[in-house]
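So the structure is just underneath, and the comments pick up after that.
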Amino acid sequence: MKILITGGAGYVGSKLVPQMLKLGHKVTVLDLMIYGENVLDNHKNLKKVKGDIRNDDLLKKIIPGHEAVLHLACISNDPSFELNPSLGKSINYDAFEPLVRISRDNKVNRFVYASSSSVYGIKKEKNVTEDMKLEPLTDYSKFKGECEKILKNYKSEDFIITTVRPSTVCGYARRQRLDLVVNILANNAFHNREIKVFGGDQLRPNIHINDMVDSYLSILDAMPKIINGEIFNVGFKNQSVNELALDVREVMGKDIKIKNTETNDNRSYHVSSEKIKSILGFVTKHTIKDATLDLKKAFEGGLLPNSLQDERYFNIKRMQSINLF
């Protein structure tokens, strides 16, 4: 399959693209490359395009000939979005429908959209399923949900659409992020021998990056009729932040201190991933401890130098540094 991945040089993309190439797919990556082009090795079946998804002329030039589009590109998570709300809206929302329309008009057969499990907001239900009402708490989440609605309008027999609502990703990748909850805990545990937990009782669904990659591959490999118009939660387990901290300490060392402080971040949700299991047979294979161990090995192996300070691991620091607009 010939696949275009927007944001393919990002955290998940840097793991996903090599896997796609191993499977024999031909891949085009469209990305601003603000974290470097070296996160993806050169390959005969890989084309790297440094560019902006807001550039419609560029999209019209590079999309023709692709069978599938996997849309990962966005200003990721609430803090990064709030750093520059107009930038976040222009990339996460304004650019979305033109991308979908240009994809459909150029005979793309499949379009997979990476939304977010944060679209649910705060739920008291024991298991949050895909058919529940969206109650986003932030503009980041709100625009993710709005894009889902837009995509739904484009569904047809010739344009297969699928929305994925990922849990928070964790683990090691070539384009590492250390501003996500498990990765933050692991980084501080390894280097400072201390973990700061803000709140602690909030439930946060997480997923190992290898499982996230496998979920996209599973969707792209599925029969069109069973995924067309479908929405899938993808996550490993719903654990409190306190439980995540204990998992990290178990891997990183019993000497690590855990300090709890108050927080006004009340996001909490218990996401069910039963639907993707029942329809596609997809189940996660990796744990939070596995992700932590991978990060521990990366720290010990010198793969993540200066990991507490280097801006390339932190979206906000990098965006501020290059004055992204």
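Convention: chains lettered A, B, ... in structure tokens order; per-chain residue numbering from 1; ligands numbered from 1 as shown.
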I'd like the neighbourhood of stretch 302-318 of chain A as a list in words, where a residue qualifies if any of its atoms comes within 7 Å (using only C-alpha atoms), though same-chain residues fewer than 6 positions away should be ignored.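 Result of the neighbour search: Tyr35, Ser80, Gln176, Arg177, Leu178 and Asp179 of chain A.
The environment of A:Ser218 within 12 Å, counting only C-alpha atoms and disregarding residues fewer than 3 places along the same chain, consists of A:Leu16, A:Met20, A:Val112, A:Thr162, A:Val164, A:Asp211, A:Met212, A:Val213, A:Asp214, A:Ser215, A:Asp221, A:Ala222, A:Met223, A:Pro224, A:Ile226, A:Ile227, A:Phe232, A:Val234, A:Ile276, A:Lys277, A:Ile279, A:Leu280, A:Gly281, A:Phe282, A:Val283, A:Thr284.
For the residues A:Arg175, A:Val17, A:Ile322, A:Leu137, ranking by smallest atom-to-atom distance to A:Glu37 using only C-alpha atoms places A:Arg175 first.
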Measure the distance from atom CA of A:Lys15 to atom CA of A:Gly88 in Å and round it to one decimal. 24.1 Å
Near-A:Lys296 list (9 Å; only C-alpha atoms; drop same-chain fewer than 5 positions) as a ChimeraX atom specification: /A:186-187,190,251-252,291,301
Within 10 Å of A:Ser116, counting only C-alpha atoms, which residues show up once you throw out same-chain ones fewer than 4 positions away? Write them as a VMD selection string, please. chain A and resid 76 to 77 120 140 to 141 144 to 145 163 to 168 233 to 234
Which of stretch 52-293 of chain A counts as alpha helix (DSSP H) under DSSP, as a count of residues only please? 95
Report the closest atom pair, with its distance in Å rounded to one decimal, for each residue of stretch 84-183 of chain A that has an atom no farther than 10 Å from stretch 43-62 of chain A; count only C-alpha atoms, sort by chain and then rising residue number, and write it as a Markdown table.
```
| residue | atom | partner | partner_atom | distance |
| --- | --- | --- | --- | --- |
| A:Ser90 | CA | A:Arg54 | CA | 7.6 |
| A:Ile91 | CA | A:Arg54 | CA | 6.6 |
| A:Asn92 | CA | A:Arg54 | CA | 9.7 |
| A:Asp94 | CA | A:Arg54 | CA | 8.0 |
| A:Ala95 | CA | A:Arg54 | CA | 5.2 |
| A:Phe96 | CA | A:Arg54 | CA | 8.4 |
| A:Pro98 | CA | A:Asp56 | CA | 7.1 |
| A:Leu99 | CA | A:Leu59 | CA | 7.2 |
| A:Ile102 | CA | A:Lys60 | CA | 6.5 |
| A:Ser103 | CA | A:Lys60 | CA | 8.3 |
| A:Asp105 | CA | A:Lys60 | CA | 9.4 |
| A:Asn106 | CA | A:Lys60 | CA | 8.0 |
```
Do you know which residues are at most 6 Å from A:His66 counting only C-alpha atoms, after dropping those on the same chain fewer than 3 positions away, and could you put them as a PyMOL selection string? chain A and resi 2-3+63+108
Pick out the closest residue to A:Ile5 from this set: A:Tyr172, A:Phe111, A:Tyr93, A:Phe143. Count only C-alpha atoms. A:Phe111
For A:Asp158, work out the shell of residues within 9 Å, counting only C-alpha atoms and skipping chain neighbours fewer than 5 positions away, then give it as JSON, numbers by chain. {"A": [104, 107, 108, 109, 110]}
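The interatomic distance for the pair atom CA of A:Ile288 and atom CA of A:Asn127 works out to 19.8 Å.
Near A:Glu125, within a cut-off of 10 Å and counting only C-alpha atoms, sit the residues Met132, Tyr269, His270 and Val271 of chain A, with same-chain residues fewer than 6 positions away left out.
Closest to A:Gly13 among A:Leu87, A:Ile209, A:Val119, A:Leu244 is A:Ile209, based on only C-alpha atoms.
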Which distance in Å separates atom CA of A:Tyr11 and atom CA of A:Phe299, to one decimal?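 Value for the atom CA of A:Tyr11-atom CA of A:Phe299 distance: 16.9 Å.
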